[in-house]
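Pasted below: my_file.cif, mmCIF, N, CA and C atoms.
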data_run
loop_
_atom_site.label_atom_id
_atom_site.label_comp_id
_atom_site.auth_asym_id
_atom_site.auth_seq_id
_atom_site.Cartn_x
_atom_site.Cartn_y
_atom_site.Cartn_z
N MET A 1 37.52 -19.79 -35.60
CA MET A 1 38.08 -20.60 -34.53
C MET A 1 38.25 -19.75 -33.27
N GLN A 2 37.84 -20.27 -32.16
CA GLN A 2 37.95 -19.53 -30.90
C GLN A 2 39.34 -19.72 -30.30
N ALA A 3 39.72 -18.74 -29.49
CA ALA A 3 40.99 -18.83 -28.78
C ALA A 3 40.92 -19.99 -27.80
N THR A 4 42.06 -20.54 -27.49
CA THR A 4 42.09 -21.60 -26.48
C THR A 4 41.70 -21.00 -25.13
N LYS A 5 41.29 -21.86 -24.21
CA LYS A 5 40.91 -21.38 -22.88
C LYS A 5 42.09 -20.66 -22.22
N ASP A 6 43.29 -21.21 -22.37
CA ASP A 6 44.46 -20.58 -21.74
C ASP A 6 44.70 -19.18 -22.30
N LYS A 7 44.57 -19.04 -23.61
CA LYS A 7 44.77 -17.73 -24.24
C LYS A 7 43.68 -16.76 -23.78
N THR A 8 42.45 -17.25 -23.71
CA THR A 8 41.34 -16.41 -23.25
C THR A 8 41.58 -15.97 -21.81
N VAL A 9 42.01 -16.89 -20.96
CA VAL A 9 42.29 -16.55 -19.56
C VAL A 9 43.37 -15.47 -19.50
N THR A 10 44.41 -15.60 -20.29
CA THR A 10 45.49 -14.61 -20.30
C THR A 10 44.97 -13.25 -20.74
N MET A 11 44.18 -13.23 -21.80
CA MET A 11 43.64 -11.96 -22.31
C MET A 11 42.70 -11.32 -21.27
N LEU A 12 41.84 -12.13 -20.68
CA LEU A 12 40.91 -11.60 -19.68
C LEU A 12 41.65 -11.11 -18.44
N ASN A 13 42.70 -11.81 -18.04
CA ASN A 13 43.49 -11.37 -16.89
C ASN A 13 44.18 -10.04 -17.17
N ASP A 14 44.71 -9.88 -18.36
CA ASP A 14 45.33 -8.60 -18.72
C ASP A 14 44.30 -7.48 -18.64
N TYR A 15 43.11 -7.75 -19.13
CA TYR A 15 42.03 -6.78 -19.10
C TYR A 15 41.61 -6.50 -17.65
N LEU A 16 41.53 -7.55 -16.86
CA LEU A 16 41.17 -7.41 -15.45
C LEU A 16 42.14 -6.49 -14.72
N LYS A 17 43.41 -6.59 -15.02
CA LYS A 17 44.40 -5.71 -14.38
C LYS A 17 44.10 -4.24 -14.69
N GLY A 18 43.65 -3.97 -15.90
CA GLY A 18 43.26 -2.61 -16.26
C GLY A 18 42.04 -2.14 -15.48
N VAL A 19 41.10 -3.04 -15.25
CA VAL A 19 39.92 -2.70 -14.47
C VAL A 19 40.33 -2.38 -13.03
N TYR A 20 41.26 -3.18 -12.49
CA TYR A 20 41.77 -2.89 -11.14
C TYR A 20 42.44 -1.52 -11.10
N MET A 21 43.16 -1.18 -12.17
CA MET A 21 43.79 0.14 -12.22
C MET A 21 42.72 1.23 -12.16
N GLY A 22 41.60 1.00 -12.82
CA GLY A 22 40.49 1.95 -12.77
C GLY A 22 39.95 2.11 -11.37
N VAL A 23 39.79 1.00 -10.66
CA VAL A 23 39.31 1.05 -9.27
C VAL A 23 40.25 1.90 -8.43
N HIS A 24 41.56 1.68 -8.58
CA HIS A 24 42.55 2.44 -7.81
C HIS A 24 42.58 3.91 -8.21
N SER A 25 42.42 4.18 -9.49
CA SER A 25 42.40 5.58 -9.95
C SER A 25 41.22 6.33 -9.35
N TYR A 26 40.06 5.68 -9.33
CA TYR A 26 38.89 6.34 -8.75
C TYR A 26 39.07 6.58 -7.26
N GLU A 27 39.81 5.71 -6.59
CA GLU A 27 40.10 5.94 -5.17
C GLU A 27 40.85 7.27 -5.00
N THR A 28 41.80 7.50 -5.89
CA THR A 28 42.55 8.75 -5.86
C THR A 28 41.64 9.94 -6.15
N TYR A 29 40.78 9.81 -7.15
CA TYR A 29 39.87 10.91 -7.49
C TYR A 29 38.95 11.21 -6.30
N ILE A 30 38.44 10.17 -5.67
CA ILE A 30 37.53 10.34 -4.54
C ILE A 30 38.23 11.07 -3.39
N GLN A 31 39.48 10.75 -3.17
CA GLN A 31 40.24 11.39 -2.09
C GLN A 31 40.49 12.87 -2.34
N HIS A 32 40.52 13.26 -3.60
CA HIS A 32 40.92 14.64 -3.92
C HIS A 32 39.79 15.57 -4.33
N VAL A 33 38.65 15.04 -4.71
CA VAL A 33 37.58 15.89 -5.20
C VAL A 33 36.89 16.60 -4.03
N LYS A 34 36.50 17.83 -4.27
CA LYS A 34 35.83 18.63 -3.23
C LYS A 34 34.31 18.58 -3.35
N SER A 35 33.80 18.46 -4.56
CA SER A 35 32.36 18.48 -4.79
C SER A 35 31.71 17.18 -4.30
N PRO A 36 30.75 17.27 -3.37
CA PRO A 36 30.05 16.06 -2.90
C PRO A 36 29.32 15.32 -4.02
N GLU A 37 28.76 16.06 -4.98
CA GLU A 37 28.05 15.42 -6.09
C GLU A 37 29.01 14.62 -6.97
N VAL A 38 30.15 15.20 -7.27
CA VAL A 38 31.13 14.52 -8.12
C VAL A 38 31.74 13.35 -7.35
N LYS A 39 31.97 13.54 -6.06
CA LYS A 39 32.49 12.44 -5.24
C LYS A 39 31.53 11.25 -5.31
N ARG A 40 30.24 11.51 -5.22
CA ARG A 40 29.24 10.43 -5.28
C ARG A 40 29.29 9.75 -6.65
N ALA A 41 29.43 10.54 -7.72
CA ALA A 41 29.53 9.96 -9.07
C ALA A 41 30.78 9.08 -9.17
N PHE A 42 31.90 9.57 -8.65
CA PHE A 42 33.13 8.77 -8.64
C PHE A 42 32.94 7.48 -7.86
N GLN A 43 32.27 7.57 -6.72
CA GLN A 43 32.03 6.37 -5.90
C GLN A 43 31.14 5.37 -6.65
N ASP A 44 30.12 5.86 -7.31
CA ASP A 44 29.24 4.97 -8.08
C ASP A 44 30.01 4.27 -9.19
N ILE A 45 30.83 5.01 -9.89
CA ILE A 45 31.61 4.43 -10.98
C ILE A 45 32.64 3.45 -10.43
N GLN A 46 33.25 3.79 -9.31
CA GLN A 46 34.21 2.87 -8.71
C GLN A 46 33.53 1.54 -8.33
N GLN A 47 32.32 1.63 -7.78
CA GLN A 47 31.58 0.41 -7.44
C GLN A 47 31.27 -0.40 -8.70
N SER A 48 30.96 0.27 -9.78
CA SER A 48 30.71 -0.40 -11.05
C SER A 48 31.97 -1.16 -11.49
N HIS A 49 33.13 -0.51 -11.38
CA HIS A 49 34.38 -1.17 -11.76
C HIS A 49 34.68 -2.36 -10.85
N LYS A 50 34.37 -2.24 -9.58
CA LYS A 50 34.58 -3.37 -8.66
C LYS A 50 33.71 -4.56 -9.05
N LYS A 51 32.47 -4.28 -9.46
CA LYS A 51 31.56 -5.36 -9.90
C LYS A 51 32.10 -5.98 -11.19
N GLU A 52 32.60 -5.15 -12.10
CA GLU A 52 33.17 -5.67 -13.34
C GLU A 52 34.38 -6.56 -13.05
N ALA A 53 35.21 -6.14 -12.10
CA ALA A 53 36.37 -6.95 -11.73
C ALA A 53 35.92 -8.31 -11.18
N ALA A 54 34.90 -8.29 -10.35
CA ALA A 54 34.39 -9.54 -9.79
C ALA A 54 33.83 -10.45 -10.90
N ASP A 55 33.12 -9.86 -11.85
CA ASP A 55 32.55 -10.62 -12.97
C ASP A 55 33.65 -11.22 -13.84
N LEU A 56 34.69 -10.43 -14.10
CA LEU A 56 35.82 -10.93 -14.89
C LEU A 56 36.54 -12.06 -14.15
N ALA A 57 36.76 -11.87 -12.86
CA ALA A 57 37.43 -12.91 -12.06
C ALA A 57 36.61 -14.20 -12.10
N GLU A 58 35.30 -14.08 -11.97
CA GLU A 58 34.44 -15.26 -12.02
C GLU A 58 34.53 -15.96 -13.38
N ARG A 59 34.54 -15.16 -14.45
CA ARG A 59 34.64 -15.74 -15.80
C ARG A 59 35.96 -16.48 -15.97
N ILE A 60 37.04 -15.88 -15.49
CA ILE A 60 38.36 -16.50 -15.58
C ILE A 60 38.36 -17.82 -14.81
N GLN A 61 37.78 -17.82 -13.63
CA GLN A 61 37.71 -19.04 -12.83
C GLN A 61 36.86 -20.10 -13.52
N ASN A 62 35.77 -19.67 -14.17
CA ASN A 62 34.92 -20.63 -14.89
C ASN A 62 35.63 -21.24 -16.09
N LEU A 63 36.68 -20.58 -16.55
CA LEU A 63 37.52 -21.12 -17.62
C LEU A 63 38.70 -21.91 -17.04
N ASN A 64 38.61 -22.21 -15.74
CA ASN A 64 39.64 -22.96 -15.01
C ASN A 64 40.96 -22.21 -14.90
N GLY A 65 40.89 -20.89 -14.93
CA GLY A 65 42.08 -20.07 -14.76
C GLY A 65 42.13 -19.46 -13.37
N THR A 66 43.23 -18.82 -13.07
CA THR A 66 43.40 -18.11 -11.81
C THR A 66 43.35 -16.62 -12.11
N ALA A 67 42.41 -15.94 -11.49
CA ALA A 67 42.22 -14.51 -11.75
C ALA A 67 43.30 -13.69 -11.05
N ALA A 68 43.77 -12.66 -11.73
CA ALA A 68 44.69 -11.71 -11.13
C ALA A 68 43.99 -11.07 -9.93
N ASP A 69 44.76 -10.73 -8.91
CA ASP A 69 44.14 -10.13 -7.73
C ASP A 69 44.49 -8.67 -7.55
N GLY A 70 45.04 -8.07 -8.57
CA GLY A 70 45.36 -6.65 -8.52
C GLY A 70 45.98 -6.22 -9.83
N PRO A 71 46.32 -4.95 -9.93
CA PRO A 71 46.84 -4.43 -11.19
C PRO A 71 48.28 -4.82 -11.50
N GLY A 72 49.02 -5.36 -10.53
CA GLY A 72 50.39 -5.78 -10.79
C GLY A 72 51.26 -4.62 -11.24
N LEU A 73 51.97 -4.82 -12.32
CA LEU A 73 52.87 -3.77 -12.83
C LEU A 73 52.10 -2.52 -13.21
N ILE A 74 50.85 -2.70 -13.58
CA ILE A 74 50.03 -1.55 -13.94
C ILE A 74 49.86 -0.63 -12.73
N ASP A 75 50.02 -1.19 -11.53
CA ASP A 75 49.88 -0.40 -10.31
C ASP A 75 50.82 0.80 -10.30
N SER A 76 51.98 0.65 -10.92
CA SER A 76 52.91 1.78 -10.96
C SER A 76 52.33 2.95 -11.75
N ILE A 77 51.53 2.63 -12.75
CA ILE A 77 50.87 3.69 -13.51
C ILE A 77 49.85 4.40 -12.62
N ALA A 78 49.09 3.63 -11.86
CA ALA A 78 48.12 4.22 -10.94
C ALA A 78 48.85 5.08 -9.91
N GLY A 79 50.02 4.64 -9.47
CA GLY A 79 50.82 5.43 -8.53
C GLY A 79 51.23 6.75 -9.14
N THR A 80 51.56 6.72 -10.41
CA THR A 80 51.91 7.95 -11.12
C THR A 80 50.72 8.89 -11.15
N ILE A 81 49.53 8.33 -11.40
CA ILE A 81 48.33 9.16 -11.40
C ILE A 81 48.12 9.77 -10.03
N SER A 82 48.29 8.95 -8.99
CA SER A 82 48.11 9.43 -7.63
C SER A 82 49.10 10.55 -7.31
N ASN A 83 50.35 10.36 -7.68
CA ASN A 83 51.38 11.36 -7.41
C ASN A 83 51.11 12.65 -8.16
N LYS A 84 50.47 12.56 -9.31
CA LYS A 84 50.16 13.75 -10.10
C LYS A 84 49.32 14.72 -9.29
N TRP A 85 48.45 14.20 -8.43
CA TRP A 85 47.51 15.05 -7.71
C TRP A 85 48.06 15.56 -6.39
N LYS A 86 49.21 15.04 -5.94
CA LYS A 86 49.78 15.53 -4.69
C LYS A 86 50.31 16.95 -4.89
N GLY A 87 49.83 17.85 -4.08
CA GLY A 87 50.29 19.23 -4.15
C GLY A 87 49.70 20.02 -5.30
N VAL A 88 48.81 19.42 -6.04
CA VAL A 88 48.18 20.10 -7.18
C VAL A 88 46.80 20.56 -6.73
N SER A 89 46.36 21.66 -7.28
CA SER A 89 45.01 22.11 -6.94
C SER A 89 44.03 21.01 -7.33
N GLU A 90 43.03 20.84 -6.53
CA GLU A 90 42.09 19.75 -6.75
C GLU A 90 40.87 20.25 -7.50
N GLU A 91 41.12 20.71 -8.70
CA GLU A 91 40.05 21.21 -9.53
C GLU A 91 39.14 20.08 -9.97
N THR A 92 37.88 20.22 -9.70
CA THR A 92 36.91 19.19 -10.04
C THR A 92 36.93 18.87 -11.53
N ALA A 93 36.96 19.89 -12.37
CA ALA A 93 36.94 19.68 -13.82
C ALA A 93 38.15 18.86 -14.27
N GLU A 94 39.32 19.12 -13.68
CA GLU A 94 40.52 18.36 -14.04
C GLU A 94 40.37 16.89 -13.65
N LEU A 95 39.84 16.65 -12.48
CA LEU A 95 39.64 15.27 -12.03
C LEU A 95 38.65 14.55 -12.93
N ILE A 96 37.59 15.24 -13.30
CA ILE A 96 36.59 14.64 -14.19
C ILE A 96 37.23 14.32 -15.54
N GLN A 97 38.02 15.25 -16.06
CA GLN A 97 38.68 15.01 -17.35
C GLN A 97 39.62 13.81 -17.28
N GLU A 98 40.34 13.67 -16.17
CA GLU A 98 41.23 12.52 -15.99
C GLU A 98 40.42 11.23 -15.94
N ALA A 99 39.29 11.26 -15.25
CA ALA A 99 38.44 10.08 -15.16
C ALA A 99 37.89 9.71 -16.55
N ILE A 100 37.47 10.70 -17.31
CA ILE A 100 36.97 10.45 -18.66
C ILE A 100 38.08 9.85 -19.52
N LYS A 101 39.26 10.38 -19.39
CA LYS A 101 40.41 9.86 -20.15
C LYS A 101 40.63 8.38 -19.82
N GLY A 102 40.54 8.04 -18.54
CA GLY A 102 40.70 6.65 -18.13
C GLY A 102 39.60 5.75 -18.67
N GLU A 103 38.37 6.26 -18.66
CA GLU A 103 37.26 5.48 -19.21
C GLU A 103 37.46 5.24 -20.71
N ARG A 104 37.96 6.25 -21.41
CA ARG A 104 38.22 6.08 -22.86
C ARG A 104 39.32 5.06 -23.10
N MET A 105 40.32 5.05 -22.23
CA MET A 105 41.38 4.03 -22.35
C MET A 105 40.77 2.64 -22.15
N GLY A 106 39.85 2.53 -21.21
CA GLY A 106 39.18 1.25 -20.98
C GLY A 106 38.38 0.81 -22.19
N ILE A 107 37.71 1.76 -22.84
CA ILE A 107 36.94 1.45 -24.04
C ILE A 107 37.88 0.96 -25.14
N GLU A 108 39.01 1.63 -25.30
CA GLU A 108 40.00 1.21 -26.31
C GLU A 108 40.47 -0.22 -26.05
N GLN A 109 40.73 -0.53 -24.78
CA GLN A 109 41.18 -1.88 -24.43
C GLN A 109 40.06 -2.90 -24.70
N SER A 110 38.83 -2.51 -24.42
CA SER A 110 37.69 -3.40 -24.71
C SER A 110 37.62 -3.70 -26.20
N GLU A 111 37.76 -2.65 -27.00
CA GLU A 111 37.66 -2.82 -28.44
C GLU A 111 38.78 -3.70 -28.98
N LYS A 112 39.98 -3.54 -28.44
CA LYS A 112 41.10 -4.40 -28.86
C LYS A 112 40.81 -5.85 -28.49
N LEU A 113 40.29 -6.06 -27.30
CA LEU A 113 39.99 -7.42 -26.86
C LEU A 113 38.87 -8.03 -27.69
N LEU A 114 37.88 -7.23 -28.06
CA LEU A 114 36.77 -7.73 -28.86
C LEU A 114 37.18 -8.10 -30.28
N GLN A 115 38.35 -7.63 -30.72
CA GLN A 115 38.87 -8.02 -32.03
C GLN A 115 39.50 -9.41 -31.99
N GLN A 116 39.72 -9.92 -30.78
CA GLN A 116 40.30 -11.24 -30.61
C GLN A 116 39.21 -12.31 -30.70
N GLU A 117 39.65 -13.53 -30.84
CA GLU A 117 38.72 -14.65 -30.88
C GLU A 117 38.34 -15.00 -29.45
N LEU A 118 37.11 -14.70 -29.10
CA LEU A 118 36.60 -14.96 -27.75
C LEU A 118 35.37 -15.85 -27.82
N ASP A 119 35.15 -16.62 -26.78
CA ASP A 119 33.91 -17.38 -26.68
C ASP A 119 32.77 -16.39 -26.44
N ASP A 120 31.56 -16.81 -26.71
CA ASP A 120 30.40 -15.92 -26.62
C ASP A 120 30.22 -15.31 -25.24
N THR A 121 30.41 -16.09 -24.19
CA THR A 121 30.22 -15.59 -22.83
C THR A 121 31.22 -14.49 -22.50
N SER A 122 32.48 -14.72 -22.85
CA SER A 122 33.51 -13.70 -22.59
C SER A 122 33.26 -12.46 -23.43
N ARG A 123 32.87 -12.64 -24.68
CA ARG A 123 32.60 -11.50 -25.57
C ARG A 123 31.46 -10.65 -25.02
N LYS A 124 30.39 -11.29 -24.58
CA LYS A 124 29.26 -10.54 -24.03
C LYS A 124 29.66 -9.77 -22.77
N LEU A 125 30.50 -10.36 -21.95
CA LEU A 125 30.97 -9.69 -20.74
C LEU A 125 31.78 -8.44 -21.10
N ILE A 126 32.69 -8.57 -22.04
CA ILE A 126 33.52 -7.42 -22.45
C ILE A 126 32.64 -6.35 -23.10
N GLU A 127 31.68 -6.76 -23.90
CA GLU A 127 30.77 -5.78 -24.51
C GLU A 127 29.97 -5.03 -23.44
N ARG A 128 29.55 -5.74 -22.41
CA ARG A 128 28.79 -5.10 -21.32
C ARG A 128 29.67 -4.10 -20.58
N ILE A 129 30.93 -4.46 -20.34
CA ILE A 129 31.85 -3.56 -19.64
C ILE A 129 32.14 -2.33 -20.50
N ARG A 130 32.31 -2.53 -21.79
CA ARG A 130 32.54 -1.39 -22.69
C ARG A 130 31.33 -0.44 -22.67
N HIS A 131 30.15 -1.00 -22.73
CA HIS A 131 28.93 -0.19 -22.68
C HIS A 131 28.85 0.58 -21.36
N SER A 132 29.23 -0.06 -20.29
CA SER A 132 29.24 0.59 -18.98
C SER A 132 30.20 1.78 -18.97
N ALA A 133 31.37 1.62 -19.57
CA ALA A 133 32.34 2.72 -19.64
C ALA A 133 31.78 3.90 -20.43
N GLU A 134 31.05 3.60 -21.49
CA GLU A 134 30.41 4.67 -22.27
C GLU A 134 29.40 5.42 -21.40
N ASN A 135 28.67 4.68 -20.59
CA ASN A 135 27.72 5.32 -19.66
C ASN A 135 28.44 6.12 -18.59
N HIS A 136 29.58 5.63 -18.14
CA HIS A 136 30.36 6.38 -17.14
C HIS A 136 30.77 7.74 -17.69
N ILE A 137 31.19 7.76 -18.94
CA ILE A 137 31.58 9.03 -19.56
C ILE A 137 30.40 10.00 -19.59
N LYS A 138 29.24 9.50 -19.98
CA LYS A 138 28.04 10.35 -20.00
C LYS A 138 27.73 10.88 -18.60
N GLN A 139 27.86 10.02 -17.62
CA GLN A 139 27.60 10.40 -16.24
C GLN A 139 28.59 11.49 -15.80
N LEU A 140 29.85 11.32 -16.15
CA LEU A 140 30.87 12.30 -15.76
C LEU A 140 30.68 13.63 -16.48
N GLU A 141 30.33 13.57 -17.75
CA GLU A 141 30.15 14.79 -18.54
C GLU A 141 29.05 15.69 -17.97
N LYS A 142 28.08 15.11 -17.28
CA LYS A 142 27.01 15.89 -16.67
C LYS A 142 27.54 16.82 -15.58
N HIS A 143 28.72 16.52 -15.04
CA HIS A 143 29.28 17.30 -13.95
C HIS A 143 30.27 18.37 -14.41
N ILE A 144 30.51 18.42 -15.72
CA ILE A 144 31.41 19.44 -16.24
C ILE A 144 30.62 20.73 -16.45
N VAL A 145 31.13 21.80 -15.87
CA VAL A 145 30.44 23.09 -16.00
C VAL A 145 31.26 24.06 -16.79
#

Can you dump the structure from the file as C-alpha coordinates?
Amino acid sequence: MQATKDKTVTMLNDYLKGVYMGVHSYETYIQHVKSPEVKRAFQDIQQSHKKEAADLAERIQNLNGTAADGPGLIDSIAGTISNKWKGVSEETAELIQEAIKGERMGIEQSEKLLQQELDDTSRKLIERIRHSAENHIKQLEKHIV
(Lines of atoms letter the chains of each structure in order from A and count residues from 1; the text may use other names and numbers.)
(Lines give C-alpha, C1' and ligand atoms only; values in the text may rest on other atoms or scores of the structure.)
Protein backbone atom coordinates (compact mmCIF):
# COMPACT_ATOMS: atom_id res chain seq x y z
CA MET A 1 0.00 0.00 0.00
CA GLN A 2 1.34 3.42 -0.91
CA ALA A 3 1.45 6.36 1.45
CA THR A 4 -1.32 8.89 1.10
CA LYS A 5 -0.55 11.96 -0.99
CA ASP A 6 -0.54 14.12 2.16
CA LYS A 7 1.95 11.83 3.89
CA THR A 8 4.13 11.74 0.77
CA VAL A 9 4.04 15.54 0.54
CA THR A 10 5.09 15.81 4.19
CA MET A 11 7.95 13.33 3.73
CA LEU A 12 9.16 15.02 0.54
CA ASN A 13 8.97 18.45 2.16
CA ASP A 14 11.07 17.27 5.10
CA TYR A 15 13.59 15.91 2.62
CA LEU A 16 13.46 19.13 0.59
CA LYS A 17 14.41 21.12 3.70
CA GLY A 18 17.55 18.99 3.98
CA VAL A 19 18.40 19.69 0.35
CA TYR A 20 18.02 23.42 1.03
CA MET A 21 20.38 23.00 3.98
CA GLY A 22 22.89 21.48 1.55
CA VAL A 23 22.57 24.47 -0.78
CA HIS A 24 23.24 26.84 2.12
CA SER A 25 26.15 24.75 3.40
CA TYR A 26 27.82 24.84 0.00
CA GLU A 27 27.42 28.62 -0.03
CA THR A 28 29.50 28.70 3.14
CA TYR A 29 32.10 26.34 1.69
CA ILE A 30 32.34 28.45 -1.47
CA GLN A 31 32.89 31.60 0.57
CA HIS A 32 35.73 30.06 2.56
CA VAL A 33 37.65 27.83 0.16
CA LYS A 34 40.87 29.18 -1.33
CA SER A 35 41.44 26.65 -4.12
CA PRO A 36 39.80 27.75 -7.41
CA GLU A 37 39.42 24.11 -8.48
CA VAL A 38 37.65 23.10 -5.28
CA LYS A 39 35.53 26.26 -5.39
CA ARG A 40 34.37 25.23 -8.88
CA ALA A 41 33.56 21.71 -7.62
CA PHE A 42 31.57 23.20 -4.73
CA GLN A 43 29.72 25.48 -7.15
CA ASP A 44 28.87 22.57 -9.44
CA ILE A 45 27.56 20.51 -6.54
CA GLN A 46 25.59 23.47 -5.20
CA GLN A 47 23.94 23.88 -8.62
CA SER A 48 23.09 20.18 -8.57
CA HIS A 49 21.41 20.60 -5.16
CA LYS A 50 19.47 23.62 -6.44
CA LYS A 51 18.18 21.52 -9.36
CA GLU A 52 17.23 18.73 -6.96
CA ALA A 53 15.35 21.23 -4.80
CA ALA A 54 13.46 22.48 -7.85
CA ASP A 55 12.62 18.89 -8.89
CA LEU A 56 11.39 18.05 -5.39
CA ALA A 57 9.30 21.23 -5.23
CA GLU A 58 7.75 20.37 -8.59
CA ARG A 59 6.95 16.82 -7.42
CA ILE A 60 5.33 18.15 -4.25
CA GLN A 61 3.24 20.57 -6.29
CA ASN A 62 2.22 17.77 -8.66
CA LEU A 63 0.91 15.95 -5.59
CA ASN A 64 -1.18 19.08 -4.86
CA GLY A 65 1.04 20.06 -1.95
CA THR A 66 2.85 23.27 -1.11
CA ALA A 67 6.62 22.97 -1.30
CA ALA A 68 8.79 24.31 1.50
CA ASP A 69 10.70 27.39 0.40
CA GLY A 70 13.72 27.00 2.64
CA PRO A 71 15.31 24.90 5.34
CA GLY A 72 13.17 26.35 8.16
CA LEU A 73 14.37 25.16 11.55
CA ILE A 74 17.12 23.25 9.81
CA ASP A 75 18.54 26.67 8.90
CA SER A 76 19.88 26.96 12.44
CA ILE A 77 22.02 23.91 11.78
CA ALA A 78 23.39 25.53 8.63
CA GLY A 79 24.09 28.65 10.71
CA THR A 80 26.07 26.51 13.11
CA ILE A 81 28.08 25.16 10.20
CA SER A 82 28.69 28.69 8.96
CA ASN A 83 29.78 29.88 12.40
CA LYS A 84 32.18 26.96 12.66
CA TRP A 85 34.26 28.44 9.85
CA LYS A 86 34.40 32.00 11.18
CA GLY A 87 37.90 32.67 12.43
CA VAL A 88 39.02 29.15 11.59
CA SER A 89 41.75 28.42 9.09
CA GLU A 90 40.18 27.72 5.76
CA GLU A 91 41.88 24.45 5.05
CA THR A 92 40.64 23.02 1.79
CA ALA A 93 40.82 19.43 3.05
CA GLU A 94 38.66 20.29 6.08
CA LEU A 95 36.04 21.94 3.91
CA ILE A 96 36.00 18.96 1.56
CA GLN A 97 35.62 16.58 4.51
CA GLU A 98 32.70 18.65 5.84
CA ALA A 99 31.07 18.59 2.41
CA ILE A 100 31.52 14.81 2.16
CA LYS A 101 30.01 14.43 5.62
CA GLY A 102 26.98 16.45 4.49
CA GLU A 103 26.60 14.37 1.34
CA ARG A 104 26.67 11.19 3.44
CA MET A 105 23.97 12.62 5.69
CA GLY A 106 21.91 13.26 2.56
CA ILE A 107 22.41 9.66 1.44
CA GLU A 108 21.27 8.43 4.86
CA GLN A 109 18.14 10.58 4.62
CA SER A 110 17.48 9.25 1.10
CA GLU A 111 17.77 5.68 2.31
CA LYS A 112 15.38 6.33 5.21
CA LEU A 113 12.88 7.90 2.84
CA LEU A 114 13.21 5.02 0.38
CA GLN A 115 12.18 2.63 3.17
CA GLN A 116 8.82 4.41 3.26
CA GLU A 117 5.88 3.68 1.02
CA LEU A 118 6.33 6.02 -1.92
CA ASP A 119 4.72 6.22 -5.33
CA ASP A 120 6.98 5.22 -8.22
CA THR A 121 7.62 8.79 -9.41
CA SER A 122 8.68 10.00 -5.96
CA ARG A 123 10.80 6.89 -5.38
CA LYS A 124 12.66 7.36 -8.67
CA LEU A 125 13.31 11.01 -7.83
CA ILE A 126 14.77 10.15 -4.42
CA GLU A 127 16.86 7.35 -5.94
CA ARG A 128 18.23 9.80 -8.52
CA ILE A 129 19.11 12.32 -5.80
CA ARG A 130 20.82 9.62 -3.73
CA HIS A 131 22.85 8.54 -6.76
CA SER A 132 23.81 12.17 -7.36
CA ALA A 133 25.07 12.48 -3.76
CA GLU A 134 27.23 9.39 -4.29
CA ASN A 135 28.70 11.06 -7.36
CA HIS A 136 29.28 14.26 -5.41
CA ILE A 137 31.36 12.32 -2.90
CA LYS A 138 33.46 10.84 -5.71
CA GLN A 139 33.90 14.30 -7.20
CA LEU A 140 35.00 15.74 -3.84
CA GLU A 141 37.37 12.88 -3.07
CA LYS A 142 39.32 13.71 -6.24
CA HIS A 143 40.35 16.99 -4.58
CA ILE A 144 41.74 15.45 -1.40
CA VAL A 145 45.52 15.39 -1.45

Check your understanding: Which residues come within 8 Å of Arg59 of chain A, counting only N, CA and C atoms, excluding same-chain residues fewer than 4 positions away, as a PyMOL selection string?
Key -> chain A and resi 9+12+53-55+63-65+67+121-122

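The shortest atom-to-atom distance to Ile126 of chain A, with only C-alpha atoms taken into account, belongs to A:Tyr15 out of A:Gln43, A:Tyr15, A:Asp69, A:Glu141.
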
Exercise for review: Tell me which residues the PyMOL selection byres (((chain A and resi 125 and name CA) around 12) and name CA) grabs here, as a VMD selection string.
Suggested key: chain A and resid 12 15 to 16 51 to 60 110 113 to 114 118 to 124 126 to 132

Review point. Written as number ranges by chain, what is the full residue list that the PyMOL selection byres (((chain A and resi 42 and name CA) around 9) and name CA) yields on the file shown?
Key: A: 26-27, 29-30, 37-41, 43-47, 96, 99, 140

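Across the model, the gap from atom N of Ser25 of chain A to atom C of Thr92 of chain A is 15.8 Å.
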
Exercise for review: If you run DSSP over the backbone, which residues in chain A end up helix (DSSP H, G or I)? Put them as a PyMOL selection string.
Suggested key: chain A and resi 5-32+36-62+72-85+92-114+120-141

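The two atoms in question, atom N of Glu117 of chain A and atom C of Glu98 of chain A, are spaced 28.9 Å apart.
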
**Study point:** Gap from atom CA of Gln116 of chain A to atom N of Lys17 of chain A - Å, one decimal
**Key:** 16.6 Å

Exercise for review: Have a look at A:Lys7, A:His143, A:Glu91, A:Gly70 and name the one nearest to Val19 of chain A; count only N, CA and C atoms.
Suggested key: A:Gly70
